[in-house]
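File shown: run-v1.txt. Contents: compact mmCIF, C-alpha atoms.
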# COMPACT_ATOMS: atom_id res chain seq x y z
CA MET A 222 -41.87 4.33 1.94
CA GLN A 223 -40.68 5.95 5.15
CA MET A 224 -41.14 3.73 8.18
CA ASN A 225 -39.66 6.03 10.86
CA VAL A 226 -37.01 3.43 11.57
CA ASN A 227 -34.45 3.91 14.31
CA TYR A 228 -31.99 1.04 14.37
CA THR A 229 -29.16 1.38 16.86
CA SER A 230 -26.85 -1.50 15.91
CA LEU A 231 -25.77 -3.60 12.91
CA VAL A 232 -23.86 -6.86 12.54
CA ALA A 233 -22.71 -8.02 9.09
CA VAL A 234 -22.09 -11.73 8.44
CA GLY A 235 -20.62 -13.27 5.31
CA ASP A 236 -17.66 -13.44 2.94
CA SER A 237 -15.65 -11.06 0.73
CA PHE A 238 -18.77 -9.34 -0.59
CA THR A 239 -19.62 -8.14 2.92
CA GLU A 240 -16.00 -7.61 3.97
CA GLY A 241 -15.87 -4.96 1.26
CA MET A 242 -13.59 -6.21 -1.50
CA SER A 243 -12.71 -4.44 -3.84
CA ASP A 244 -13.65 -1.04 -2.35
CA LEU A 245 -10.04 -0.23 -1.51
CA LEU A 246 -9.08 2.57 0.85
CA PRO A 247 -5.76 4.48 0.69
CA ASP A 248 -4.37 2.54 3.65
CA GLY A 249 -4.88 -0.78 1.84
CA SER A 250 -7.95 -1.85 3.82
CA TYR A 251 -11.39 -2.43 2.36
CA ARG A 252 -14.51 -0.38 3.06
CA GLY A 253 -17.54 -1.83 1.24
CA TRP A 254 -21.31 -1.54 1.37
CA ALA A 255 -21.67 -2.67 5.01
CA ASP A 256 -19.30 0.03 6.28
CA LEU A 257 -21.08 2.63 4.15
CA LEU A 258 -24.45 1.49 5.44
CA ALA A 259 -23.23 1.59 9.04
CA GLY A 260 -21.92 5.12 8.55
CA ARG A 261 -25.28 6.31 7.29
CA MET A 262 -27.20 4.57 10.07
CA ALA A 263 -24.81 5.99 12.66
CA ALA A 264 -25.50 9.51 11.39
CA ARG A 265 -29.17 8.95 12.29
CA SER A 266 -28.60 7.27 15.65
CA PRO A 267 -26.02 8.60 18.16
CA GLY A 268 -24.08 5.79 19.80
CA PHE A 269 -24.78 3.45 16.90
CA ARG A 270 -22.78 0.20 17.16
CA TYR A 271 -21.43 -1.92 14.31
CA ALA A 272 -19.58 -5.22 13.87
CA ASN A 273 -18.45 -6.82 10.62
CA LEU A 274 -17.60 -10.50 11.01
CA ALA A 275 -17.28 -11.25 7.28
CA VAL A 276 -14.05 -12.76 5.97
CA ARG A 277 -13.12 -13.27 2.33
CA GLY A 278 -13.27 -16.77 0.85
CA LYS A 279 -15.58 -18.24 3.50
CA LEU A 280 -17.98 -21.03 2.51
CA ILE A 281 -21.42 -21.24 4.08
CA GLY A 282 -20.28 -24.00 6.46
CA GLN A 283 -17.47 -21.78 7.76
CA ILE A 284 -19.83 -18.83 8.10
CA VAL A 285 -22.19 -20.94 10.21
CA GLU A 286 -19.38 -22.35 12.33
CA GLU A 287 -17.36 -19.18 12.85
CA GLN A 288 -19.73 -16.22 12.61
CA VAL A 289 -23.38 -17.07 13.21
CA ASP A 290 -23.34 -17.79 16.94
CA VAL A 291 -21.07 -14.81 17.55
CA ALA A 292 -23.48 -12.55 15.67
CA ALA A 293 -26.54 -13.98 17.42
CA ALA A 294 -24.98 -13.35 20.83
CA MET A 295 -24.56 -9.65 20.01
CA GLN A 296 -28.36 -9.15 19.94
CA ALA A 297 -28.09 -6.38 17.34
CA ASP A 298 -31.08 -4.57 15.90
CA VAL A 299 -30.10 -5.54 12.34
CA VAL A 300 -28.12 -8.53 11.08
CA THR A 301 -27.19 -8.96 7.42
CA LEU A 302 -26.41 -12.47 6.19
CA VAL A 303 -24.96 -13.13 2.74
CA GLY A 304 -23.38 -16.52 2.13
CA GLY A 305 -23.36 -19.58 -0.06
CA LEU A 306 -22.25 -17.97 -3.31
CA ASN A 307 -18.64 -19.12 -2.87
CA ASP A 308 -19.98 -22.65 -2.61
CA THR A 309 -21.92 -22.35 -5.87
CA LEU A 310 -18.75 -21.26 -7.70
CA ARG A 311 -16.87 -24.43 -6.77
CA PRO A 312 -16.56 -27.15 -9.44
CA LYS A 313 -18.43 -29.53 -7.14
CA CYS A 314 -21.18 -28.22 -4.90
CA ASP A 315 -23.69 -30.08 -2.73
CA MET A 316 -26.59 -27.67 -3.08
CA ARG A 317 -28.71 -29.56 -0.57
CA ARG A 318 -26.01 -29.08 2.07
CA VAL A 319 -25.69 -25.39 1.14
CA ARG A 320 -29.44 -24.91 1.53
CA ASP A 321 -29.49 -26.75 4.85
CA LEU A 322 -26.61 -24.69 6.26
CA LEU A 323 -28.17 -21.43 5.13
CA GLU A 324 -31.41 -22.46 6.79
CA GLU A 325 -29.52 -23.26 10.00
CA ALA A 326 -27.95 -19.80 9.92
CA VAL A 327 -31.31 -18.07 9.42
CA GLU A 328 -32.95 -20.09 12.19
CA ARG A 329 -30.25 -18.96 14.65
CA LEU A 330 -30.08 -15.33 13.57
CA ALA A 331 -33.72 -14.38 12.98
CA PRO A 332 -34.80 -14.70 16.65
CA ALA A 333 -31.64 -12.90 17.83
CA CYS A 334 -32.25 -9.56 16.09
CA LYS A 335 -35.04 -7.13 15.29
CA GLN A 336 -34.51 -7.40 11.53
CA LEU A 337 -32.62 -10.01 9.54
CA VAL A 338 -31.54 -8.96 6.04
CA LEU A 339 -30.85 -11.53 3.31
CA MET A 340 -29.77 -10.89 -0.27
CA ARG A 341 -30.00 -12.20 -3.77
CA SER A 342 -26.40 -11.39 -4.65
CA PRO A 343 -25.47 -9.51 -7.84
CA GLY A 344 -23.86 -11.29 -10.75
CA ARG A 345 -21.49 -9.92 -13.40
CA ASN A 346 -22.76 -10.47 -16.93
CA GLY A 347 -20.59 -12.90 -18.85
CA PRO A 348 -19.83 -16.60 -19.48
CA VAL A 349 -18.95 -17.41 -15.87
CA MET A 350 -22.33 -16.11 -14.74
CA GLU A 351 -24.10 -18.26 -17.30
CA ARG A 352 -22.25 -21.39 -16.20
CA PHE A 353 -23.22 -21.03 -12.55
CA ARG A 354 -26.61 -19.33 -12.99
CA PRO A 355 -28.72 -22.47 -12.21
CA ARG A 356 -27.00 -22.95 -8.85
CA MET A 357 -27.27 -19.28 -7.99
CA GLU A 358 -30.95 -19.18 -8.80
CA GLU A 359 -31.56 -22.31 -6.72
CA LEU A 360 -29.80 -20.58 -3.82
CA PHE A 361 -31.81 -17.39 -4.28
CA ALA A 362 -35.12 -19.26 -4.43
CA HIS A 363 -34.19 -20.75 -1.05
CA VAL A 364 -33.33 -17.28 0.27
CA ASP A 365 -36.80 -16.09 -0.72
CA ASP A 366 -38.41 -19.07 1.00
CA LEU A 367 -36.43 -18.60 4.20
CA ALA A 368 -37.24 -14.90 4.29
CA GLY A 369 -40.93 -15.61 3.97
CA ARG A 370 -40.85 -18.10 6.84
CA HIS A 371 -38.67 -16.07 9.20
CA GLY A 372 -39.71 -12.48 8.54
CA ALA A 373 -36.44 -11.46 6.91
CA VAL A 374 -36.03 -8.69 4.35
CA VAL A 375 -34.63 -9.73 0.96
CA VAL A 376 -32.59 -7.22 -1.05
CA ASP A 377 -32.78 -8.29 -4.70
CA LEU A 378 -29.44 -7.28 -6.18
CA TYR A 379 -29.52 -10.16 -8.66
CA GLY A 380 -32.52 -8.65 -10.41
CA ALA A 381 -30.86 -5.25 -10.87
CA ALA A 382 -29.54 -4.91 -14.42
CA ALA A 383 -27.23 -2.04 -13.44
CA LEU A 384 -25.23 -4.28 -11.08
CA GLY A 385 -24.69 -6.79 -13.89
CA ASP A 386 -22.84 -4.14 -15.92
CA GLN A 387 -19.20 -5.23 -16.23
CA ARG A 388 -18.10 -1.69 -15.31
CA MET A 389 -19.50 -2.26 -11.81
CA TRP A 390 -16.94 -5.01 -11.24
CA ASP A 391 -13.27 -4.86 -10.35
CA VAL A 392 -10.53 -6.33 -12.55
CA ASP A 393 -10.75 -9.62 -10.61
CA ARG A 394 -14.31 -10.01 -12.02
CA LEU A 395 -15.51 -11.31 -8.65
CA HIS A 396 -15.95 -8.17 -6.55
CA LEU A 397 -17.81 -4.91 -6.98
CA THR A 398 -16.12 -1.55 -7.49
CA ALA A 399 -16.58 1.31 -5.04
CA GLU A 400 -19.59 2.47 -7.07
CA GLY A 401 -21.10 -1.00 -6.90
CA HIS A 402 -20.70 -1.09 -3.13
CA ARG A 403 -22.23 2.38 -2.84
CA ARG A 404 -25.30 1.18 -4.71
CA VAL A 405 -25.63 -1.93 -2.55
CA ALA A 406 -25.49 0.25 0.57
CA GLU A 407 -28.31 2.36 -0.85
CA ALA A 408 -30.34 -0.75 -1.71
CA VAL A 409 -30.07 -2.12 1.85
CA TRP A 410 -30.73 1.35 3.28
CA GLN A 411 -34.01 1.51 1.39
CA ALA A 412 -34.95 -2.09 2.24
CA LEU A 413 -34.62 -1.22 5.93
CA GLY A 414 -37.19 1.52 5.50
CA TYR A 415 -35.04 4.64 5.29
CA ASP A 416 -35.92 7.37 2.81
CA PRO A 417 -34.24 6.86 -0.59
CA GLU A 418 -31.33 9.15 -1.38
CA ASP A 419 -31.00 8.08 -5.02
CA ASP A 420 -32.04 5.37 -7.46
CA TRP A 421 -29.44 2.64 -7.01
CA GLN A 422 -30.72 0.82 -10.10
CA THR A 423 -30.00 3.69 -12.52
CA PRO A 424 -27.98 2.28 -15.47
CA LEU A 425 -24.48 3.59 -16.09
CA PRO A 426 -24.14 6.00 -19.02
CA ALA A 427 -23.72 4.34 -22.40
CA ALA A 428 -20.10 3.84 -23.42
CA VAL A 429 -18.22 2.62 -26.47
CA PRO A 430 -17.23 -1.03 -25.89
CA PRO A 431 -13.45 -1.57 -25.69
CA GLY A 432 -11.75 -2.90 -28.79
CA TRP A 433 -10.49 -6.44 -29.34
CA ALA A 434 -6.89 -5.66 -28.32
CA VAL A 435 -7.95 -3.94 -25.11
CA ARG A 436 -10.19 -6.90 -24.17
CA ARG A 437 -7.39 -9.42 -24.82
CA ILE A 438 -4.94 -7.45 -22.67
CA ALA A 439 -7.54 -7.31 -19.88
CA ASP A 440 -8.18 -11.05 -20.21
CA ALA A 441 -4.46 -11.82 -19.94
CA ARG A 442 -4.10 -9.59 -16.89
CA PHE A 443 -7.10 -11.22 -15.26
CA ALA A 444 -5.76 -14.73 -15.91
CA ARG A 445 -2.30 -13.89 -14.57
CA GLN A 446 -3.26 -11.88 -11.50
CA HIS A 447 -6.54 -13.45 -10.44
CA LEU A 448 -7.69 -16.59 -12.24
CA GLY A 449 -4.41 -18.49 -11.84
CA PRO A 450 -4.09 -17.85 -8.09
CA TRP A 451 -7.79 -18.66 -7.60
CA ILE A 452 -7.38 -22.03 -9.35
CA GLY A 453 -4.24 -22.69 -7.32
CA ARG A 454 -6.10 -22.18 -4.06
CA ARG A 455 -8.90 -24.51 -5.18
CA LEU A 456 -6.41 -27.27 -6.09
CA THR A 457 -4.57 -27.02 -2.76
CA GLY A 458 -7.65 -26.55 -0.56
CA ARG A 459 -6.57 -23.10 0.53
CA SER A 460 -8.67 -19.95 0.86
CA SER A 461 -7.86 -16.24 0.63
CA GLY A 462 -9.36 -15.90 4.10
CA ASP A 463 -7.23 -18.54 5.83
CA GLY A 464 -5.87 -17.13 9.09
CA ARG A 465 -7.60 -13.79 8.58
CA ALA A 466 -9.62 -12.24 11.41
CA PRO A 467 -12.75 -10.13 10.86
CA LYS A 468 -12.05 -6.43 10.46
CA ARG A 469 -14.62 -5.44 13.13
CA PRO A 470 -15.07 -8.42 15.46
CA ASP A 471 -16.74 -6.47 18.28
CA LEU A 472 -20.02 -4.57 18.39
CA LEU A 473 -18.69 -1.10 19.14
CA PRO A 474 -19.68 2.53 18.44
CA TYR A 475 -19.01 3.37 14.81
CA ASP A 476 -17.67 6.63 13.42
CA GLY A 477 -16.62 5.26 10.05
CA PRO A 478 -17.28 6.38 6.47
CA LEU A 479 -20.26 8.32 5.29
CA PRO A 480 -21.28 8.06 1.62
Could you write out this file's structure as structure tokens?
Amino acid sequence: MQMNVNYTSLVAVGDSFTEGMSDLLPDGSYRGWADLLAGRMAARSPGFRYANLAVRGKLIGQIVEEQVDVAAAMQADVVTLVGGLNDTLRPKCDMRRVRDLLEEAVERLAPACKQLVLMRSPGRNGPVMERFRPRMEELFAHVDDLAGRHGAVVVDLYGAAALGDQRMWDVDRLHLTAEGHRRVAEAVWQALGYDPEDDWQTPLPAAVPPGWAVRRIADARFARQHLGPWIGRRLTGRSSGDGRAPKRPDLLPYDGPLP
């Protein structure tokens, strides 16, 4: 439904999902759904400003400590907040603390913007998803509750079967492909009241599943390039985002990518 919206600024808060991994650009940087969304909003609103404070690997406590007050101070029209999923993927996770921190973030951000956007994050179909599904669904139930109490919009990516398709996910099995990010941008675009440009939930065309040998080669590559380093960081208390600054720390005019 068209709502004649005219937002003039956007601040994105979160982790690797919002930073844009694995939507890789030729120069080695990441684009992602938030950049795509900002580009489309900017095309509708001259002088549109955009900041992206998200940094890969951040837990919800780090997001609250490092990003939330900065975002609130920017007084943007729209703020997107996606966090907590990295916590749920840890072997040990205090879900009560995660819920409390997410609530703290929402309580600070909702009064500081015209529209706060929360998400039920997508999940790749497979055994890892099944292992952590109860935690994720507990987190998403809390997202729904917070949105109801604070007037936030919830974008339900978790309920979209198309985004669970393994072909929507990069070889690291943790981050969406460019097509996945494009669909998320469209989903948020529609949730903000803009006219739909396509159906972001359309399933991918049917394809012949890869054979046993191809799957085993992919599994070995995944374990060597992604799973091993991920486990190593967990054991040493390191994060892929350690020492990394946000890619767009200031709320400035945006002339970035269009879809």
Problem - Option closest in space to Gln387 (chain A), from A:Arg403, A:Arg311, A:His363, A:Arg345 [counting all atoms listed in the file] - result: A:Arg345
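You will find CA of Ala263 (chain A) at 27.5 Å from CA of Lys279 (chain A).
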Anything within 9 Å of (-24.5, -4.6, 19.2): list those residues as an mmCIF file with C-alpha atoms, in the coordinates of the input, counting all atoms listed in the file and sticking to the file's coordinates.
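Final output, saved to point-v2.cif:
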data_model
loop_
_atom_site.group_PDB
_atom_site.id
_atom_site.type_symbol
_atom_site.label_atom_id
_atom_site.label_comp_id
_atom_site.auth_asym_id
_atom_site.auth_seq_id
_atom_site.Cartn_x
_atom_site.Cartn_y
_atom_site.Cartn_z
ATOM 1 C CA THR A 229 -29.160 1.380 16.860
ATOM 2 C CA SER A 230 -26.850 -1.500 15.910
ATOM 3 C CA LEU A 231 -25.770 -3.600 12.910
ATOM 4 C CA VAL A 232 -23.860 -6.860 12.540
ATOM 5 C CA PHE A 269 -24.780 3.450 16.900
ATOM 6 C CA ARG A 270 -22.780 0.200 17.160
ATOM 7 C CA TYR A 271 -21.430 -1.920 14.310
ATOM 8 C CA ALA A 272 -19.580 -5.220 13.870
ATOM 9 C CA ALA A 292 -23.480 -12.550 15.670
ATOM 10 C CA ALA A 294 -24.980 -13.350 20.830
ATOM 11 C CA MET A 295 -24.560 -9.650 20.010
ATOM 12 C CA GLN A 296 -28.360 -9.150 19.940
ATOM 13 C CA ALA A 297 -28.090 -6.380 17.340
ATOM 14 C CA ASP A 298 -31.080 -4.570 15.900
ATOM 15 C CA VAL A 299 -30.100 -5.540 12.340
ATOM 16 C CA ASP A 471 -16.740 -6.470 18.280
ATOM 17 C CA LEU A 472 -20.020 -4.570 18.390
ATOM 18 C CA LEU A 473 -18.690 -1.100 19.140
ATOM 19 C CA PRO A 474 -19.680 2.530 18.440
#
Handout entry: Tyr251 (chain A) surroundings by all atoms listed in the file, 8 Å radius, close-in-sequence under 4 positions cut, as a count of residues only
Key = 7
May I have the residues within 12 Å of Gln283 (chain A) as an mmCIF file with C-alpha atoms, keeping the file's coordinate frame, using all atoms listed in the file and disregarding those fewer than 2 positions away in the same chain?
data_model
loop_
_atom_site.group_PDB
_atom_site.id
_atom_site.type_symbol
_atom_site.label_atom_id
_atom_site.label_comp_id
_atom_site.auth_asym_id
_atom_site.auth_seq_id
_atom_site.Cartn_x
_atom_site.Cartn_y
_atom_site.Cartn_z
ATOM 1 C CA VAL A 234 -22.090 -11.730 8.440
ATOM 2 C CA GLY A 235 -20.620 -13.270 5.310
ATOM 3 C CA ASP A 236 -17.660 -13.440 2.940
ATOM 4 C CA LEU A 274 -17.600 -10.500 11.010
ATOM 5 C CA ALA A 275 -17.280 -11.250 7.280
ATOM 6 C CA VAL A 276 -14.050 -12.760 5.970
ATOM 7 C CA ARG A 277 -13.120 -13.270 2.330
ATOM 8 C CA GLY A 278 -13.270 -16.770 0.850
ATOM 9 C CA LYS A 279 -15.580 -18.240 3.500
ATOM 10 C CA LEU A 280 -17.980 -21.030 2.510
ATOM 11 C CA ILE A 281 -21.420 -21.240 4.080
ATOM 12 C CA VAL A 285 -22.190 -20.940 10.210
ATOM 13 C CA GLU A 286 -19.380 -22.350 12.330
ATOM 14 C CA GLU A 287 -17.360 -19.180 12.850
ATOM 15 C CA GLN A 288 -19.730 -16.220 12.610
ATOM 16 C CA VAL A 289 -23.380 -17.070 13.210
ATOM 17 C CA ASP A 290 -23.340 -17.790 16.940
ATOM 18 C CA GLY A 304 -23.380 -16.520 2.130
ATOM 19 C CA GLY A 305 -23.360 -19.580 -0.060
ATOM 20 C CA ASN A 307 -18.640 -19.120 -2.870
ATOM 21 C CA ASP A 308 -19.980 -22.650 -2.610
ATOM 22 C CA VAL A 319 -25.690 -25.390 1.140
ATOM 23 C CA LEU A 322 -26.610 -24.690 6.260
ATOM 24 C CA LEU A 323 -28.170 -21.430 5.130
ATOM 25 C CA ALA A 326 -27.950 -19.800 9.920
ATOM 26 C CA SER A 460 -8.670 -19.950 0.860
ATOM 27 C CA GLY A 462 -9.360 -15.900 4.100
ATOM 28 C CA ASP A 463 -7.230 -18.540 5.830
#
Fill in the blank from the handout: One decimal place gives the CA of Met316 (chain A)-CA of Met357 (chain A) separation as 9.7 Å
Practice task
Go through A:Val405, A:Val327, A:Leu425, A:Ala383 and flag the residue nearest Ala255 (chain A), using all atoms listed in the file for the distances.
Solution key: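 Ranking A:Val405, A:Val327, A:Leu425, A:Ala383 by distance to Ala255 (chain A), first place goes to A:Val405.
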Problem - Closest of A:Thr309, A:Ala293, A:Ala406, A:Gln411 to Leu330 (chain A) - atom-to-atom distances counting only C-alpha atoms - result: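 Comparing A:Thr309, A:Ala293, A:Ala406, A:Gln411 against Leu330 (chain A), the winner is A:Ala293.
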Exercise for the section: Identify which of the residues A:Asp377, A:Asp365, A:Asp321, A:Asp391 lies closest to Ala412 (chain A), counting only C-alpha atoms when measuring atom-to-atom distances. Expected result: A:Asp377
Practice task
In the coordinate frame of the file, compute which residues have an atom within 6 Å of (-32.7, -9.8, 5.8) when using all atoms listed in the file, and state them as a PyMOL selection string.
Solution key: chain A and resi 301+337-339+373-375
Residue selection dump (C-alpha atoms) as a compact mmCIF listing (two decimals), in the frame of the given file:
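The result, written out as part-v6.txt:
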# COMPACT_ATOMS: atom_id res chain seq x y z
CA THR A 301 -27.19 -8.96 7.42
CA LEU A 337 -32.62 -10.01 9.54
CA VAL A 338 -31.54 -8.96 6.04
CA LEU A 339 -30.85 -11.53 3.31
CA ALA A 373 -36.44 -11.46 6.91
CA VAL A 374 -36.03 -8.69 4.35
CA VAL A 375 -34.63 -9.73 0.96
Exercise for the section: Go through A:Val376, A:Tyr475, A:Ser237, A:Glu358 one by one, measure the shortest atom-to-atom distance of each to Gly414 (chain A) using only C-alpha atoms, and give the residue with the smallest value. Expected result: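 Of A:Val376, A:Tyr475, A:Ser237, A:Glu358, the one nearest Gly414 (chain A), counting only C-alpha atoms, is A:Val376.
The neighbours of Leu384 (chain A) here are the residues that come within 7 Å of it, using all atoms listed in the file and leaving out any residue fewer than 4 positions away in the same chain; they are Pro343, Met389 and Gly401 of chain A.
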Keeping C-alpha atoms, export the residues of the selection given above as a PDB file, in the coordinates of the input.
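Once everything was written out, this is result_25.pdb:
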ATOM      1  CA  PRO A 343     -25.470  -9.510  -7.840  1.00  0.00           C
ATOM      2  CA  MET A 389     -19.500  -2.260 -11.810  1.00  0.00           C
ATOM      3  CA  GLY A 401     -21.100  -1.000  -6.900  1.00  0.00           C
TER       4      GLY A 401
END
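The spacing separating CA of Gly282 (chain A) from CA of Leu302 (chain A) amounts to 13.1 Å.
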Handout entry: Given all atoms listed in the file as the counted atoms, nearest of A:Gly260, A:Gly249, A:Pro312, A:Pro467 to Ile284 (chain A)
Key =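 Checking each candidate against Ile284 (chain A), we get A:Pro467 as the closest.
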